[in-house]
$ cat input39.cif   # mmCIF, C-alpha atoms
data_structure
#
loop_
_atom_site.group_PDB
_atom_site.id
_atom_site.type_symbol
_atom_site.label_atom_id
_atom_site.label_comp_id
_atom_site.auth_asym_id
_atom_site.auth_seq_id
_atom_site.Cartn_x
_atom_site.Cartn_y
_atom_site.Cartn_z
ATOM 1 C CA MET I 1 -173.732 7.094 -221.734
ATOM 2 C CA GLU I 2 -172.981 10.653 -220.651
ATOM 3 C CA ILE I 3 -174.905 13.454 -222.370
ATOM 4 C CA THR I 4 -173.687 17.042 -222.071
ATOM 5 C CA GLU I 5 -175.670 19.945 -223.494
ATOM 6 C CA THR I 6 -174.004 22.983 -225.027
ATOM 7 C CA GLN I 7 -174.518 25.500 -227.859
ATOM 8 C CA GLU I 8 -172.927 26.034 -231.279
ATOM 9 C CA GLY I 9 -173.881 28.933 -233.514
ATOM 10 C CA GLY I 10 -177.305 29.297 -231.875
ATOM 11 C CA LYS I 11 -178.156 25.601 -232.103
ATOM 12 C CA ALA I 12 -178.389 23.184 -229.188
ATOM 13 C CA VAL I 13 -175.669 20.525 -229.105
ATOM 14 C CA ALA I 14 -175.901 17.175 -227.323
ATOM 15 C CA ILE I 15 -172.442 15.716 -226.736
ATOM 16 C CA LEU I 16 -172.834 11.963 -226.369
ATOM 17 C CA ASP I 17 -170.093 9.932 -224.700
ATOM 18 C CA GLY I 18 -170.351 6.137 -224.545
ATOM 19 C CA ARG I 19 -172.140 3.308 -226.324
ATOM 20 C CA LEU I 20 -175.464 4.090 -227.981
ATOM 21 C CA ASP I 21 -176.990 0.648 -227.553
ATOM 22 C CA THR I 22 -179.938 -1.290 -226.139
ATOM 23 C CA ALA I 23 -179.084 -0.227 -222.593
ATOM 24 C CA THR I 24 -178.634 3.499 -223.277
ATOM 25 C CA ALA I 25 -181.230 4.038 -226.032
ATOM 26 C CA GLY I 26 -184.101 4.955 -223.700
ATOM 27 C CA LEU I 27 -182.212 7.621 -221.780
ATOM 28 C CA THR I 28 -180.719 9.090 -224.940
ATOM 29 C CA GLU I 29 -184.110 9.236 -226.660
ATOM 30 C CA THR I 30 -185.681 11.073 -223.733
ATOM 31 C CA ARG I 31 -182.911 13.681 -223.683
ATOM 32 C CA LEU I 32 -182.753 14.250 -227.447
ATOM 33 C CA LEU I 33 -186.528 14.509 -227.908
ATOM 34 C CA ALA I 34 -186.772 16.959 -224.994
ATOM 35 C CA MET I 35 -184.061 19.125 -226.574
ATOM 36 C CA LEU I 36 -185.797 18.965 -229.965
ATOM 37 C CA GLU I 37 -188.998 20.348 -228.465
ATOM 38 C CA LYS I 38 -187.121 23.637 -228.058
ATOM 39 C CA GLY I 39 -185.570 23.700 -231.548
ATOM 40 C CA SER I 40 -182.823 22.294 -233.745
ATOM 41 C CA VAL I 41 -180.280 19.878 -232.284
ATOM 42 C CA ILE I 42 -176.803 18.743 -233.264
ATOM 43 C CA ALA I 43 -175.762 15.384 -231.816
ATOM 44 C CA ASP I 44 -171.975 15.207 -231.399
ATOM 45 C CA LEU I 45 -171.020 11.517 -231.680
ATOM 46 C CA SER I 46 -167.211 12.004 -231.610
ATOM 47 C CA GLU I 47 -166.998 10.041 -228.349
ATOM 48 C CA VAL I 48 -169.470 7.353 -229.399
ATOM 49 C CA ARG I 49 -167.526 4.294 -230.544
ATOM 50 C CA TYR I 50 -170.535 2.073 -231.019
ATOM 51 C CA VAL I 51 -174.118 2.425 -232.288
ATOM 52 C CA SER I 52 -176.437 -0.583 -232.573
ATOM 53 C CA SER I 53 -179.889 -0.767 -234.155
ATOM 54 C CA ALA I 54 -181.394 0.371 -230.821
ATOM 55 C CA GLY I 55 -179.287 3.523 -231.152
ATOM 56 C CA LEU I 56 -180.246 3.955 -234.799
ATOM 57 C CA ARG I 57 -183.919 3.870 -233.801
ATOM 58 C CA VAL I 58 -183.297 6.769 -231.383
ATOM 59 C CA LEU I 59 -181.583 8.844 -234.069
ATOM 60 C CA LEU I 60 -184.369 8.054 -236.556
ATOM 61 C CA LYS I 61 -187.018 9.143 -234.044
ATOM 62 C CA ALA I 62 -185.117 12.377 -233.430
ATOM 63 C CA ALA I 63 -184.815 13.051 -237.160
ATOM 64 C CA LYS I 64 -188.520 12.334 -237.691
ATOM 65 C CA GLN I 65 -189.519 14.634 -234.832
ATOM 66 C CA ALA I 66 -187.291 17.405 -236.222
ATOM 67 C CA LYS I 67 -188.851 16.989 -239.652
ATOM 68 C CA ALA I 68 -192.357 17.122 -238.190
ATOM 69 C CA THR I 69 -191.714 20.352 -236.280
ATOM 70 C CA GLY I 70 -189.599 22.143 -238.874
ATOM 71 C CA ALA I 71 -186.438 21.932 -236.766
ATOM 72 C CA SER I 72 -183.196 20.338 -237.925
ATOM 73 C CA PHE I 73 -181.332 17.339 -236.544
ATOM 74 C CA ALA I 74 -177.769 16.544 -237.561
ATOM 75 C CA VAL I 75 -174.933 14.359 -236.330
ATOM 76 C CA VAL I 76 -171.219 15.167 -236.234
ATOM 77 C CA GLY I 77 -167.958 13.298 -235.723
ATOM 78 C CA LEU I 78 -168.944 9.781 -236.758
ATOM 79 C CA GLN I 79 -166.214 7.258 -235.936
ATOM 80 C CA ALA I 80 -165.456 4.712 -238.678
ATOM 81 C CA PRO I 81 -167.466 1.792 -237.164
ATOM 82 C CA VAL I 82 -170.420 4.129 -236.553
ATOM 83 C CA ARG I 83 -170.215 5.469 -240.106
ATOM 84 C CA GLU I 84 -170.276 1.885 -241.379
ATOM 85 C CA VAL I 85 -173.489 1.205 -239.446
ATOM 86 C CA PHE I 86 -175.010 4.419 -240.848
ATOM 87 C CA GLU I 87 -174.125 3.446 -244.404
ATOM 88 C CA ILE I 88 -175.392 -0.142 -244.182
ATOM 89 C CA SER I 89 -178.670 1.148 -242.736
ATOM 90 C CA GLY I 90 -179.063 3.920 -245.311
ATOM 91 C CA PHE I 91 -179.000 6.506 -242.501
ATOM 92 C CA ASP I 92 -176.300 8.455 -244.325
ATOM 93 C CA LYS I 93 -179.058 9.393 -246.792
ATOM 94 C CA ILE I 94 -181.632 10.553 -244.233
ATOM 95 C CA ILE I 95 -179.631 12.142 -241.388
ATOM 96 C CA PRO I 96 -177.237 14.974 -242.269
ATOM 97 C CA ALA I 97 -173.712 14.204 -241.004
ATOM 98 C CA PHE I 98 -170.937 16.772 -240.629
ATOM 99 C CA ALA I 99 -167.284 16.616 -239.618
ATOM 100 C CA THR I 100 -167.520 19.366 -237.009
ATOM 101 C CA ARG I 101 -170.120 21.146 -234.872
ATOM 102 C CA ALA I 102 -169.312 24.442 -236.600
ATOM 103 C CA GLU I 103 -170.147 22.956 -240.008
ATOM 104 C CA ALA I 104 -173.355 21.434 -238.652
ATOM 105 C CA ALA I 105 -174.412 24.776 -237.162
ATOM 106 C CA GLN I 106 -174.068 26.415 -240.582
ATOM 107 C CA GLY I 107 -175.592 23.524 -242.574
ATOM 108 C CA MET B 1 -150.694 -14.707 -231.656
ATOM 109 C CA ASP B 2 -153.547 -17.179 -232.065
ATOM 110 C CA THR B 3 -156.937 -15.591 -231.480
ATOM 111 C CA PRO B 4 -158.489 -17.143 -228.349
ATOM 112 C CA PRO B 5 -162.100 -18.406 -228.243
ATOM 113 C CA PHE B 6 -164.883 -16.710 -226.279
ATOM 114 C CA HIS B 7 -167.824 -18.267 -224.503
ATOM 115 C CA LEU B 8 -170.412 -16.649 -222.253
ATOM 116 C CA ARG B 9 -173.849 -17.761 -221.062
ATOM 117 C CA LEU B 10 -176.052 -15.148 -219.374
ATOM 118 C CA PRO B 11 -179.639 -14.817 -218.127
ATOM 119 C CA ALA B 12 -181.961 -13.533 -220.872
ATOM 120 C CA SER B 13 -182.302 -9.969 -219.575
ATOM 121 C CA LEU B 14 -181.461 -6.472 -220.780
ATOM 122 C CA GLU B 15 -178.806 -6.151 -218.051
ATOM 123 C CA SER B 16 -177.125 -9.165 -219.595
ATOM 124 C CA VAL B 17 -176.875 -7.410 -222.955
ATOM 125 C CA SER B 18 -174.668 -4.731 -221.345
ATOM 126 C CA ALA B 19 -172.661 -7.400 -219.527
ATOM 127 C CA LEU B 20 -172.151 -9.215 -222.830
ATOM 128 C CA LEU B 21 -170.902 -6.045 -224.527
ATOM 129 C CA ASP B 22 -168.509 -5.324 -221.646
ATOM 130 C CA ALA B 23 -167.160 -8.882 -221.824
ATOM 131 C CA LEU B 24 -166.761 -8.668 -225.602
ATOM 132 C CA GLU B 25 -164.869 -5.369 -225.335
ATOM 133 C CA ALA B 26 -162.405 -7.021 -222.948
ATOM 134 C CA TYR B 27 -162.153 -10.060 -225.246
ATOM 135 C CA SER B 28 -161.574 -7.939 -228.353
ATOM 136 C CA GLU B 29 -158.784 -6.078 -226.603
ATOM 137 C CA ALA B 30 -157.130 -9.272 -225.301
ATOM 138 C CA ALA B 31 -157.501 -10.920 -228.720
ATOM 139 C CA GLU B 32 -156.082 -7.789 -230.385
ATOM 140 C CA LEU B 33 -158.987 -7.521 -232.812
ATOM 141 C CA SER B 34 -159.034 -4.369 -234.939
ATOM 142 C CA PRO B 35 -161.498 -1.686 -233.776
ATOM 143 C CA GLY B 36 -163.618 -2.320 -236.876
ATOM 144 C CA ILE B 37 -163.902 -6.066 -236.268
ATOM 145 C CA ALA B 38 -164.466 -5.516 -232.532
ATOM 146 C CA ALA B 39 -167.362 -3.158 -233.294
ATOM 147 C CA ARG B 40 -168.938 -5.646 -235.740
ATOM 148 C CA LEU B 41 -168.576 -8.488 -233.255
ATOM 149 C CA ALA B 42 -170.252 -6.439 -230.507
ATOM 150 C CA LEU B 43 -172.992 -5.338 -232.852
ATOM 151 C CA VAL B 44 -173.888 -8.807 -234.115
ATOM 152 C CA ALA B 45 -173.890 -10.165 -230.542
ATOM 153 C CA GLU B 46 -176.016 -7.299 -229.225
ATOM 154 C CA GLU B 47 -178.600 -7.486 -231.986
ATOM 155 C CA ILE B 48 -179.281 -11.165 -231.417
ATOM 156 C CA ALA B 49 -179.034 -11.034 -227.608
ATOM 157 C CA ALA B 50 -181.270 -7.949 -227.370
ATOM 158 C CA ASN B 51 -183.850 -9.686 -229.560
ATOM 159 C CA VAL B 52 -183.911 -12.604 -227.137
ATOM 160 C CA ALA B 53 -183.949 -10.394 -224.023
ATOM 161 C CA MET B 54 -186.795 -8.193 -225.271
ATOM 162 C CA HIS B 55 -188.987 -10.502 -227.341
ATOM 163 C CA ALA B 56 -188.389 -14.153 -226.459
ATOM 164 C CA THR B 57 -191.042 -14.719 -223.802
ATOM 165 C CA GLY B 58 -189.936 -17.503 -221.490
ATOM 166 C CA ALA B 59 -186.294 -17.563 -222.560
ATOM 167 C CA THR B 60 -184.035 -18.029 -219.544
ATOM 168 C CA PHE B 61 -180.616 -17.610 -221.146
ATOM 169 C CA PHE B 62 -178.599 -16.745 -224.181
ATOM 170 C CA GLU B 63 -175.176 -18.110 -224.917
ATOM 171 C CA LEU B 64 -172.529 -16.743 -227.257
ATOM 172 C CA ARG B 65 -169.584 -18.709 -228.606
ATOM 173 C CA VAL B 66 -166.851 -17.162 -230.706
ATOM 174 C CA THR B 67 -164.549 -19.690 -232.325
ATOM 175 C CA PRO B 68 -161.615 -18.399 -234.365
ATOM 176 C CA ALA B 69 -161.407 -20.053 -237.780
ATOM 177 C CA SER B 70 -159.376 -19.413 -240.892
ATOM 178 C CA GLY B 71 -159.785 -15.718 -241.761
ATOM 179 C CA ALA B 72 -162.993 -15.373 -239.766
ATOM 180 C CA LEU B 73 -164.619 -15.672 -236.369
ATOM 181 C CA ALA B 74 -167.342 -18.330 -236.207
ATOM 182 C CA LEU B 75 -170.225 -17.064 -234.067
ATOM 183 C CA SER B 76 -172.961 -19.135 -232.495
ATOM 184 C CA ILE B 77 -175.750 -17.666 -230.398
ATOM 185 C CA GLU B 78 -178.258 -19.939 -228.668
ATOM 186 C CA ASP B 79 -181.312 -19.272 -226.525
ATOM 187 C CA ASP B 80 -184.087 -21.372 -225.014
ATOM 188 C CA GLY B 81 -186.973 -19.102 -226.026
ATOM 189 C CA PRO B 82 -189.866 -20.056 -228.326
ATOM 190 C CA GLU B 83 -188.961 -21.041 -231.875
ATOM 191 C CA TYR B 84 -188.012 -17.875 -233.741
ATOM 192 C CA ASP B 85 -185.977 -17.372 -236.896
ATOM 193 C CA PRO B 86 -184.720 -13.770 -236.966
ATOM 194 C CA LEU B 87 -183.397 -14.277 -240.497
ATOM 195 C CA ALA B 88 -186.936 -14.835 -241.797
ATOM 196 C CA ARG B 89 -187.600 -11.138 -241.330
ATOM 197 C CA ALA B 90 -187.737 -9.041 -244.507
ATOM 198 C CA ALA B 91 -184.936 -6.547 -245.060
ATOM 199 C CA PRO B 92 -185.841 -2.889 -244.399
ATOM 200 C CA ASP B 93 -186.028 -0.462 -247.312
ATOM 201 C CA THR B 94 -182.777 1.442 -246.807
ATOM 202 C CA GLU B 95 -183.604 3.742 -249.736
ATOM 203 C CA ALA B 96 -186.879 5.013 -248.266
ATOM 204 C CA ALA B 97 -187.390 8.692 -247.420
ATOM 205 C CA ILE B 98 -187.231 9.655 -243.776
ATOM 206 C CA GLU B 99 -191.022 9.835 -243.388
ATOM 207 C CA ASP B 100 -191.330 6.248 -244.626
ATOM 208 C CA ARG B 101 -188.426 4.722 -242.746
ATOM 209 C CA GLU B 102 -189.619 2.259 -240.145
ATOM 210 C CA VAL B 103 -187.821 1.665 -236.889
ATOM 211 C CA GLY B 104 -187.875 -2.138 -236.995
ATOM 212 C CA GLY B 105 -185.810 -4.754 -238.789
ATOM 213 C CA LEU B 106 -182.532 -2.839 -238.749
ATOM 214 C CA GLY B 107 -180.745 -5.170 -236.352
ATOM 215 C CA VAL B 108 -181.106 -8.270 -238.466
ATOM 216 C CA HIS B 109 -180.243 -6.253 -241.560
ATOM 217 C CA LEU B 110 -176.939 -5.223 -239.938
ATOM 218 C CA VAL B 111 -176.214 -8.828 -238.947
ATOM 219 C CA ARG B 112 -176.897 -10.033 -242.493
ATOM 220 C CA GLU B 113 -174.720 -7.358 -244.066
ATOM 221 C CA MET B 114 -171.762 -7.742 -241.681
ATOM 222 C CA THR B 115 -171.559 -11.540 -241.591
ATOM 223 C CA GLN B 116 -171.450 -14.474 -243.982
ATOM 224 C CA ASP B 117 -173.290 -17.789 -244.002
ATOM 225 C CA ALA B 118 -175.861 -16.674 -241.429
ATOM 226 C CA ARG B 119 -178.176 -19.581 -240.691
ATOM 227 C CA TYR B 120 -180.811 -20.490 -238.159
ATOM 228 C CA VAL B 121 -181.647 -23.906 -236.769
ATOM 229 C CA ARG B 122 -184.067 -25.076 -234.114
ATOM 230 C CA ALA B 123 -182.704 -28.117 -232.312
ATOM 231 C CA GLY B 124 -183.157 -29.661 -228.891
ATOM 232 C CA GLY B 125 -185.521 -26.898 -227.775
ATOM 233 C CA LEU B 126 -182.984 -24.182 -228.607
ATOM 234 C CA ASN B 127 -182.764 -21.453 -231.224
ATOM 235 C CA ARG B 128 -179.309 -21.326 -232.730
ATOM 236 C CA LEU B 129 -178.081 -18.600 -235.032
ATOM 237 C CA SER B 130 -174.659 -19.132 -236.512
ATOM 238 C CA CYS B 131 -172.626 -16.943 -238.825
ATOM 239 C CA ALA B 132 -169.063 -16.069 -239.784
ATOM 240 C CA LEU B 133 -167.503 -12.680 -239.200
ATOM 241 C CA PRO B 134 -164.686 -12.157 -241.734
ATOM 242 C CA LEU B 135 -161.470 -10.804 -240.186
ATOM 243 C CA GLY B 136 -160.214 -9.234 -243.417
#
$ encode --input "input39.cif" --output "structure tokens"
Amino acid sequence: MEITETQEGGKAVAILDGRLDTATAGLTETRLLAMLEKGSVIADLSEVRYVSSAGLRVLLKAAKQAKATGASFAVVGLQAPVREVFEISGFDKIIPAFATRAEAAQG
Amino acid sequence: MDTPPFHLRLPASLESVSALLDALEAYSEAAELSPGIAARLALVAEEIAANVAMHATGATFFELRVTPASGALALSIEDDGPEYDPLARAAPDTEAAIEDREVGGLGVHLVREMTQDARYVRAGGLNRLSCALPLG
């Protein structure tokens, strides 16, 4: 998992590249929660081809932390298998998902 | 082309979960599985293997077999940990609001939703979870 930080419309963006799974969940959680301490975060998952329940737990923790601090947390660029995992888990109803970073920055 | 079988036995550790996923990616490519099926196969394997690696105290290995059948892949995952039926776990409330969503139970929920005929047996000191992953 490679995580690159950038900005979009004044919001922090974490570009994730790789599998978000049991092995990479810990590192990803640390990075996302640290970014969320400073404000809203958009997680760009365009290069993530695979998310398991360990990855879902990280995204849920991020969304909960955002909610608790009044920041926002959104995901963009879900690949079809990742979207399927979101839908089966009901995450499509609790984590805002956008097609592009620009849309997420406005939303 | 006939889909080949897959078989891998690894030590019950978190490093093995990554090794299993790498091996399954190579298998899925060689077997020309669609990206959707490949992702489901990896997910089901990871959820069960990660459960064993993280929670099954005393387990020394897990072993995955993928056997192509008519219109589906038959999966069997065995480990030598203490008796544990992952399917006995209640399904998470996927309609709950974000504040009420709990972080546990999602893995087994995904396995249940993506496969058919999931069943657990304890035999010969091993846990065995078997299920069918439809190819259609």
$ resolve_selection --input "input39.cif" --expression "the PyMOL selection byres ((chain B) within 6 of (chain I))" --output "count of residues only"
7
$ atom_distance --input "input39.cif" --atom1 "CA of Leu10 in chain B" --atom2 "CA of Thr30 in chain I"
28.3 Å
$ resolve_selection --input "input39.cif" --expression "the PyMOL selection byres ((chain B and resi 121) around 10)" --output "list in words"
Glu78, Glu83, Tyr84, Asp85, Arg119, Tyr120, Arg122, Ala123, Gly124, Leu126, Asn127, Arg128, Leu129 and Ser130 of chain B
$ residues_around --input "input39.cif" --residues "Ile48 in chain B" --least-positions-apart "6" --cutoff "10 Å" --atoms "only C-alpha atoms" --output "PyMOL selection string"
chain B and resi 17+62+64+77-79+86+107-108+111+129
$ atom_distance --input "input39.cif" --atom1 "CA of Phe6 in chain B" --atom2 "CA of Gly125 in chain B"
23.1 Å
$ atom_distance --input "input39.cif" --atom1 "CA of Ala59 in chain B" --atom2 "CA of Glu15 in chain B"
14.4 Å
$ resolve_selection --input "input39.cif" --expression "the PyMOL selection byres ((chain I and resi 39) around 8)" --output "NGL selection string"
:I and (11-12 or 35-38 or 40-41 or 71-72)
$ closest_residue --input "input39.cif" --among "B:Leu14, B:Leu41, B:Leu87, B:Ala50" --to "Leu133 in chain B" --atoms "all atoms listed in the file"
B:Leu41
$ closest_residue --input "input39.cif" --among "I:Val48, I:Ile42, I:Ala62, I:Leu33" --to "Gly9 in chain I" --atoms "all atoms listed in the file"
I:Ile42
$ residues_around --input "input39.cif" --residues "Arg101 in chain I" --least-positions-apart "4" --cutoff "9 Å" --atoms "only C-alpha atoms" --output "MDAnalysis selection string"
chainID I and resid 8:9 13 42:44 75:77 105:106
$ closest_residue --input "input39.cif" --among "I:Ala66, I:Ile15, I:Met1, I:Ala104" --to "Ala34 in chain I" --atoms "all atoms listed in the file"
I:Ala66
$ decode --input "input39.cif" --residues "range 2-102 of chain B" --atoms "C-alpha atoms" --output "CSV table (one decimal), in the first residue's frame"
chain,number,residue,atom,x,y,z
B,2,ASP,CA,-10.4,-25.8,-18.1
B,3,THR,CA,-10.0,-23.9,-14.9
B,4,PRO,CA,-7.1,-25.4,-13.0
B,5,PRO,CA,-7.3,-26.3,-9.2
B,6,PHE,CA,-5.4,-24.4,-6.5
B,7,HIS,CA,-4.0,-25.7,-3.3
B,8,LEU,CA,-1.8,-23.9,-0.7
B,9,ARG,CA,-0.9,-24.7,2.9
B,10,LEU,CA,0.8,-21.9,4.9
B,11,PRO,CA,1.8,-21.3,8.5
B,12,ALA,CA,-1.1,-19.6,10.5
B,13,SER,CA,0.4,-16.1,10.5
B,14,LEU,CA,-0.5,-12.6,9.2
B,15,GLU,CA,2.5,-12.8,6.8
B,16,SER,CA,0.8,-15.9,5.3
B,17,VAL,CA,-2.4,-14.0,4.6
B,18,SER,CA,-0.4,-11.6,2.3
B,19,ALA,CA,1.3,-14.6,0.7
B,20,LEU,CA,-2.0,-16.3,0.1
B,21,LEU,CA,-3.4,-13.2,-1.6
B,22,ASP,CA,-0.3,-12.9,-3.8
B,23,ALA,CA,-0.6,-16.6,-4.8
B,24,LEU,CA,-4.4,-16.2,-5.5
B,25,GLU,CA,-3.8,-13.2,-7.7
B,26,ALA,CA,-1.3,-15.2,-9.8
B,27,TYR,CA,-3.8,-18.1,-9.9
B,28,SER,CA,-6.7,-15.9,-10.9
B,29,GLU,CA,-4.6,-14.5,-13.7
B,30,ALA,CA,-3.4,-17.9,-14.9
B,31,ALA,CA,-7.0,-19.3,-14.6
B,32,GLU,CA,-8.3,-16.3,-16.5
B,33,LEU,CA,-10.9,-15.6,-13.9
B,34,SER,CA,-12.8,-12.3,-14.3
B,35,PRO,CA,-11.7,-9.4,-12.1
B,36,GLY,CA,-15.0,-9.6,-10.2
B,37,ILE,CA,-14.6,-13.4,-9.4
B,38,ALA,CA,-10.9,-13.0,-8.6
B,39,ALA,CA,-11.7,-10.3,-6.1
B,40,ARG,CA,-14.4,-12.4,-4.4
B,41,LEU,CA,-12.1,-15.4,-4.3
B,42,ALA,CA,-9.4,-13.3,-2.6
B,43,LEU,CA,-11.8,-11.8,-0.2
B,44,VAL,CA,-13.4,-15.1,0.9
B,45,ALA,CA,-9.9,-16.6,1.4
B,46,GLU,CA,-8.5,-13.6,3.3
B,47,GLU,CA,-11.5,-13.3,5.6
B,48,ILE,CA,-11.2,-16.9,6.7
B,49,ALA,CA,-7.4,-17.0,6.8
B,50,ALA,CA,-7.1,-13.7,8.7
B,51,ASN,CA,-9.6,-15.0,11.3
B,52,VAL,CA,-7.4,-18.1,11.8
B,53,ALA,CA,-4.1,-16.0,11.9
B,54,MET,CA,-5.4,-13.5,14.3
B,55,HIS,CA,-7.8,-15.4,16.6
B,56,ALA,CA,-7.1,-19.1,16.5
B,57,THR,CA,-4.7,-19.5,19.4
B,58,GLY,CA,-2.5,-22.6,18.8
B,59,ALA,CA,-3.3,-23.0,15.1
B,60,THR,CA,-0.2,-23.9,13.1
B,61,PHE,CA,-1.5,-23.7,9.6
B,62,PHE,CA,-4.3,-23.0,7.3
B,63,GLU,CA,-4.9,-24.7,4.0
B,64,LEU,CA,-6.9,-23.5,1.0
B,65,ARG,CA,-8.2,-25.7,-1.8
B,66,VAL,CA,-10.0,-24.3,-4.9
B,67,THR,CA,-11.6,-27.0,-7.0
B,68,PRO,CA,-13.3,-26.0,-10.2
B,69,ALA,CA,-16.8,-27.4,-10.5
B,70,SER,CA,-19.7,-26.9,-12.8
B,71,GLY,CA,-20.4,-23.1,-12.9
B,72,ALA,CA,-18.6,-22.5,-9.6
B,73,LEU,CA,-15.4,-22.8,-7.7
B,74,ALA,CA,-15.6,-25.1,-4.7
B,75,LEU,CA,-13.6,-23.7,-1.8
B,76,SER,CA,-12.3,-25.5,1.3
B,77,ILE,CA,-10.4,-23.8,4.0
B,78,GLU,CA,-9.0,-25.9,6.9
B,79,ASP,CA,-7.0,-25.0,10.0
B,80,ASP,CA,-5.8,-26.9,13.1
B,81,GLY,CA,-6.9,-24.2,15.7
B,82,PRO,CA,-9.5,-24.7,18.5
B,83,GLU,CA,-13.0,-25.6,17.4
B,84,TYR,CA,-14.6,-22.5,16.0
B,85,ASP,CA,-17.5,-22.0,13.6
B,86,PRO,CA,-17.3,-18.6,12.0
B,87,LEU,CA,-20.7,-19.0,10.5
B,88,ALA,CA,-22.3,-19.1,13.9
B,89,ARG,CA,-21.7,-15.4,14.2
B,90,ALA,CA,-24.7,-13.1,13.9
B,91,ALA,CA,-24.9,-10.9,10.8
B,92,PRO,CA,-24.1,-7.2,11.3
B,93,ASP,CA,-26.8,-4.7,11.0
B,94,THR,CA,-26.0,-3.2,7.6
B,95,GLU,CA,-28.8,-0.6,8.0
B,96,ALA,CA,-27.5,0.9,11.2
B,97,ALA,CA,-26.4,4.6,11.3
B,98,ILE,CA,-22.7,5.3,11.4
B,99,GLU,CA,-22.6,5.9,15.1
B,100,ASP,CA,-24.1,2.5,15.7
B,101,ARG,CA,-22.1,0.5,13.2
B,102,GLU,CA,-19.8,-1.9,14.8
